[in-house]
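The structure under discussion appears below in the form of structure tokens.
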Amino acid sequence: MTNTILRKRRLIPGQTSELVIDAPHIAAKARPGNFVILRVCPTGERIPLTIADADADAGTITLVYLVLGKTTAHLDTLEEGEAIPDLCGPLGQPTRIRRHDGPVVCVGGGTGIAAMHHIAKGHHLAGNRVTGIIGARTEALLLFEAELAGVCDTVVVTTDDGSRGRRGLVTQALEERLRDGEPAAEIVAVGPVPMMAAVSEVAGRFGVPCLVSLNSIMLDGIGMCGACRVAVGGETRFACVDGPEFDGGLVDFKELAQRLTAFRPMEQQSYAEYQKHHVCRCAN
Ligand SMILES: Cc1cc2nc3c(=O)[nH]c(=O)nc-3n(C[C@H](O)[C@H](O)[C@H](O)COP(=O)(O)OP(=O)(O)OC[C@H]3O[C@@H](n4cnc5c(N)ncnc54)[C@H](O)[C@@H]3O)c2cc1C
Ligand code: FES
């Protein structure tokens, strides 16, 4: 179990990277929808990242992360040949994948597109027809379009500014697809909380079941600390062990959004301190 970084790709320089990691024990069991929890140093915080792809034969898993704060910035300093000291997984319930007669629509936004890739691939391997709808603010921020083309029957691209694909939001493309296309069997959405809330609303109007992958704050990832609790259908659920995927129509997105901001001042301070003391190796 080396956790060595075999390949690193800067997908969006300075913002989003992909790591292919030697982790045969995790790769052997990883299913679409699973995530890992890692620490970049022995005294660091634990952060969850979705397994964007896994290759059991090669013994590798792929992670894609957005540099957002201290820990993801620290993670982004690791280069090929270096190892992640602490990597735990696969965690969470895998995506419920079964054979459908109708197509499955997988909707991804921002970094969520990479997480959605593993789910779309799972549906594809199960013999389902898959439509991918992916969106970003602008062309330069689009991820995994080529990878998705390999596992989807159709990929619809949207950008807010129209620089690639259709101008507009993924929800507009989804609405059009549900109105004019063959009835969808299921929708899966991974992305920012407002996007998943909007996709759930559209799915509800068309009466299509919709799964969303929740990015609630996690610490232990094994159901003991309670940090990841979310309200689903009026009940408290733990995203790490009961999820991270839930029925989008039942999720209290407002509460989830509020809980995600709970530690913002501390996170900002921690990142500022890190940037003050961090010695950049990029230019060396
Ligand atoms: C199941 C799951 C899968 C995820 N998969 C991915 C992924 O594939 N790629 C990706 O870029 N991001 C993913 N995230 C989000 C990622 O964990 C956070 O971006 C990361 O923890 C940020 O840490 P930071 O120290 O860099 O930033 P911080 O400044 O500490 O945090 C920035 C924001 O990230 C969120 N966050 C912080 N700490 C945690 C934590 N321990 N758990 C969850 N969210 C946290 C909060 O919303 C916070 O406001 C996932 C989250 C969950 C719950
Ligand atoms: S992360 Fe601790 S209970 Fe889910």
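Naming works like this for the structure tokens: A, B, ... for the chains as they're shown, residue 1 at the start of each chain, ligands 1 onward in shown order.
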Exercise for the section: Return as a PyMOL selection string every polymer residue, whether protein, DNA or RNA, with at least one atom no more than 7 Å from an atom of ligand 2; count only C-alpha atoms and all ligand atoms. Expected result: chain A and resi 217-229+238-241
Name each residue within 6 Å of ligand 1, counting only C-alpha atoms and all ligand atoms, as a JSON list (two decimals) with N, CA and C atoms, in the first residue's frame.
```json
[["chain", "number", "residue", "atom", "x", "y", "z"],
["A", 35, "PHE", "N", -15.95, 7.17, -2.01],
["A", 35, "PHE", "CA", -14.96, 8.24, -1.83],
["A", 35, "PHE", "C", -13.85, 7.74, -0.92],
["A", 46, "ARG", "N", -8.51, 15.76, 7.84],
["A", 46, "ARG", "CA", -8.93, 14.68, 6.95],
["A", 46, "ARG", "C", -9.94, 15.28, 5.96],
["A", 47, "ILE", "N", -9.73, 15.08, 4.67],
["A", 47, "ILE", "CA", -10.72, 15.57, 3.71],
["A", 47, "ILE", "C", -11.20, 14.44, 2.79],
["A", 48, "PRO", "N", -12.48, 14.46, 2.45],
["A", 48, "PRO", "CA", -13.02, 13.45, 1.53],
["A", 48, "PRO", "C", -12.87, 13.86, 0.08],
["A", 49, "LEU", "N", -12.52, 12.93, -0.78],
["A", 49, "LEU", "CA", -12.51, 13.16, -2.23],
["A", 49, "LEU", "C", -13.13, 11.94, -2.90],
["A", 50, "THR", "N", -13.93, 12.19, -3.89],
["A", 50, "THR", "CA", -14.61, 11.10, -4.60],
["A", 50, "THR", "C", -13.62, 10.33, -5.48],
["A", 64, "VAL", "N", -9.77, 13.71, -8.44],
["A", 64, "VAL", "CA", -9.73, 15.03, -9.07],
["A", 64, "VAL", "C", -10.19, 16.04, -8.02],
["A", 65, "TYR", "N", -9.38, 17.06, -7.79],
["A", 65, "TYR", "CA", -9.73, 18.00, -6.72],
["A", 65, "TYR", "C", -9.58, 19.44, -7.18],
["A", 66, "LEU", "N", -10.43, 20.25, -6.59],
["A", 66, "LEU", "CA", -10.40, 21.70, -6.79],
["A", 66, "LEU", "C", -9.61, 22.29, -5.62],
["A", 67, "VAL", "N", -8.63, 23.14, -5.93],
["A", 67, "VAL", "CA", -7.88, 23.79, -4.85],
["A", 67, "VAL", "C", -8.76, 24.91, -4.28],
["A", 68, "LEU", "N", -9.20, 24.66, -3.03],
["A", 68, "LEU", "CA", -10.21, 25.52, -2.41],
["A", 68, "LEU", "C", -9.67, 26.19, -1.16],
["A", 69, "GLY", "N", -8.92, 25.45, -0.38],
["A", 69, "GLY", "CA", -8.42, 25.96, 0.90],
["A", 69, "GLY", "C", -7.11, 25.30, 1.24],
["A", 70, "LYS", "N", -6.81, 25.28, 2.54],
["A", 70, "LYS", "CA", -5.48, 24.85, 2.97],
["A", 70, "LYS", "C", -5.13, 23.41, 2.55],
["A", 71, "THR", "N", -6.02, 22.48, 2.80],
["A", 71, "THR", "CA", -5.63, 21.08, 2.59],
["A", 71, "THR", "C", -5.53, 20.74, 1.10],
["A", 72, "THR", "N", -6.47, 21.25, 0.30],
["A", 72, "THR", "CA", -6.37, 20.95, -1.13],
["A", 72, "THR", "C", -5.17, 21.68, -1.74],
["A", 73, "ALA", "N", -4.81, 22.86, -1.21],
["A", 73, "ALA", "CA", -3.61, 23.56, -1.69],
["A", 73, "ALA", "C", -2.36, 22.75, -1.33],
["A", 111, "THR", "N", -16.21, 20.61, -10.54],
["A", 111, "THR", "CA", -15.40, 19.45, -10.19],
["A", 111, "THR", "C", -16.26, 18.19, -10.06],
["A", 115, "ALA", "N", -16.42, 13.34, -10.50],
["A", 115, "ALA", "CA", -17.07, 12.35, -9.64],
["A", 115, "ALA", "C", -18.20, 11.66, -10.40],
["A", 215, "ASN", "N", -21.99, 16.83, -0.60],
["A", 215, "ASN", "CA", -20.62, 17.16, -0.20],
["A", 215, "ASN", "C", -20.60, 17.77, 1.20],
["A", 216, "SER", "N", -21.34, 17.16, 2.13],
["A", 216, "SER", "CA", -21.38, 17.72, 3.48],
["A", 216, "SER", "C", -20.02, 17.58, 4.15],
["A", 217, "ILE", "N", -19.78, 18.38, 5.19],
["A", 217, "ILE", "CA", -18.48, 18.33, 5.88],
["A", 217, "ILE", "C", -18.33, 17.00, 6.59],
["A", 218, "MET", "N", -17.18, 16.35, 6.35],
["A", 218, "MET", "CA", -16.94, 15.02, 6.94],
["A", 218, "MET", "C", -15.65, 15.03, 7.74],
["A", 219, "LEU", "N", -15.63, 14.26, 8.80],
["A", 219, "LEU", "CA", -14.41, 14.13, 9.59],
["A", 219, "LEU", "C", -13.95, 12.68, 9.61],
["A", 244, "PRO", "N", -22.85, 8.89, 0.15],
["A", 244, "PRO", "CA", -23.24, 10.31, 0.02],
["A", 244, "PRO", "C", -24.42, 10.57, -0.90],
["A", 260, "LEU", "N", -22.47, 24.02, 5.39],
["A", 260, "LEU", "CA", -21.18, 24.07, 4.68],
["A", 260, "LEU", "C", -20.40, 25.36, 4.97],
["A", 261, "THR", "N", -21.12, 26.38, 5.42],
["A", 261, "THR", "CA", -20.43, 27.65, 5.70],
["A", 261, "THR", "C", -20.06, 27.78, 7.18],
["A", 264, "ARG", "N", -16.41, 28.72, 7.92],
["A", 264, "ARG", "CA", -15.75, 29.56, 6.91],
["A", 264, "ARG", "C", -14.68, 30.50, 7.47],
["A", 267, "GLU", "N", -11.66, 28.47, 8.24],
["A", 267, "GLU", "CA", -11.05, 27.95, 7.01],
["A", 267, "GLU", "C", -10.24, 29.04, 6.30],
["A", 268, "GLN", "N", -10.82, 30.25, 6.29],
["A", 268, "GLN", "CA", -10.13, 31.36, 5.62],
["A", 268, "GLN", "C", -8.83, 31.71, 6.35]]
```
Exercise for the section: Figure out the distance between CA of Gly162 (chain A) and CA of Leu174 (chain A), please, to one decimal in Å. Expected result: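 It comes out at 16.3 Å.
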Handout entry: Minimum-distance residue to Gly132 (chain A), chosen among A:Gly81, A:Pro103, A:Gly110, A:Pro194 (using only C-alpha atoms)
Key =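 Of A:Gly81, A:Pro103, A:Gly110, A:Pro194, the one nearest Gly132 (chain A), counting only C-alpha atoms, is A:Pro103.
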Exercise for the section: Would you mind telling me which residue in A:Arg7, A:Lys276, A:His118, A:His123 lies nearest to Val105 (chain A) when using only C-alpha atoms? Expected result: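 When distances to Val105 (chain A) are compared using only C-alpha atoms, the smallest one comes from A:His123.
Every protein or nucleic acid residue with an atom no more than 10 Å from Gly44 (chain A), counting only C-alpha atoms and leaving out same-chain residues fewer than 4 positions away, appears here: Leu38, Arg39, Val40, Lys70, Thr71, His74 and Asp86 of chain A.
If only C-alpha atoms are the atoms counted, then among A:Asp153, A:Glu201, A:Glu176, A:Asp160 the closest residue to Gly135 (chain A) is A:Asp160.
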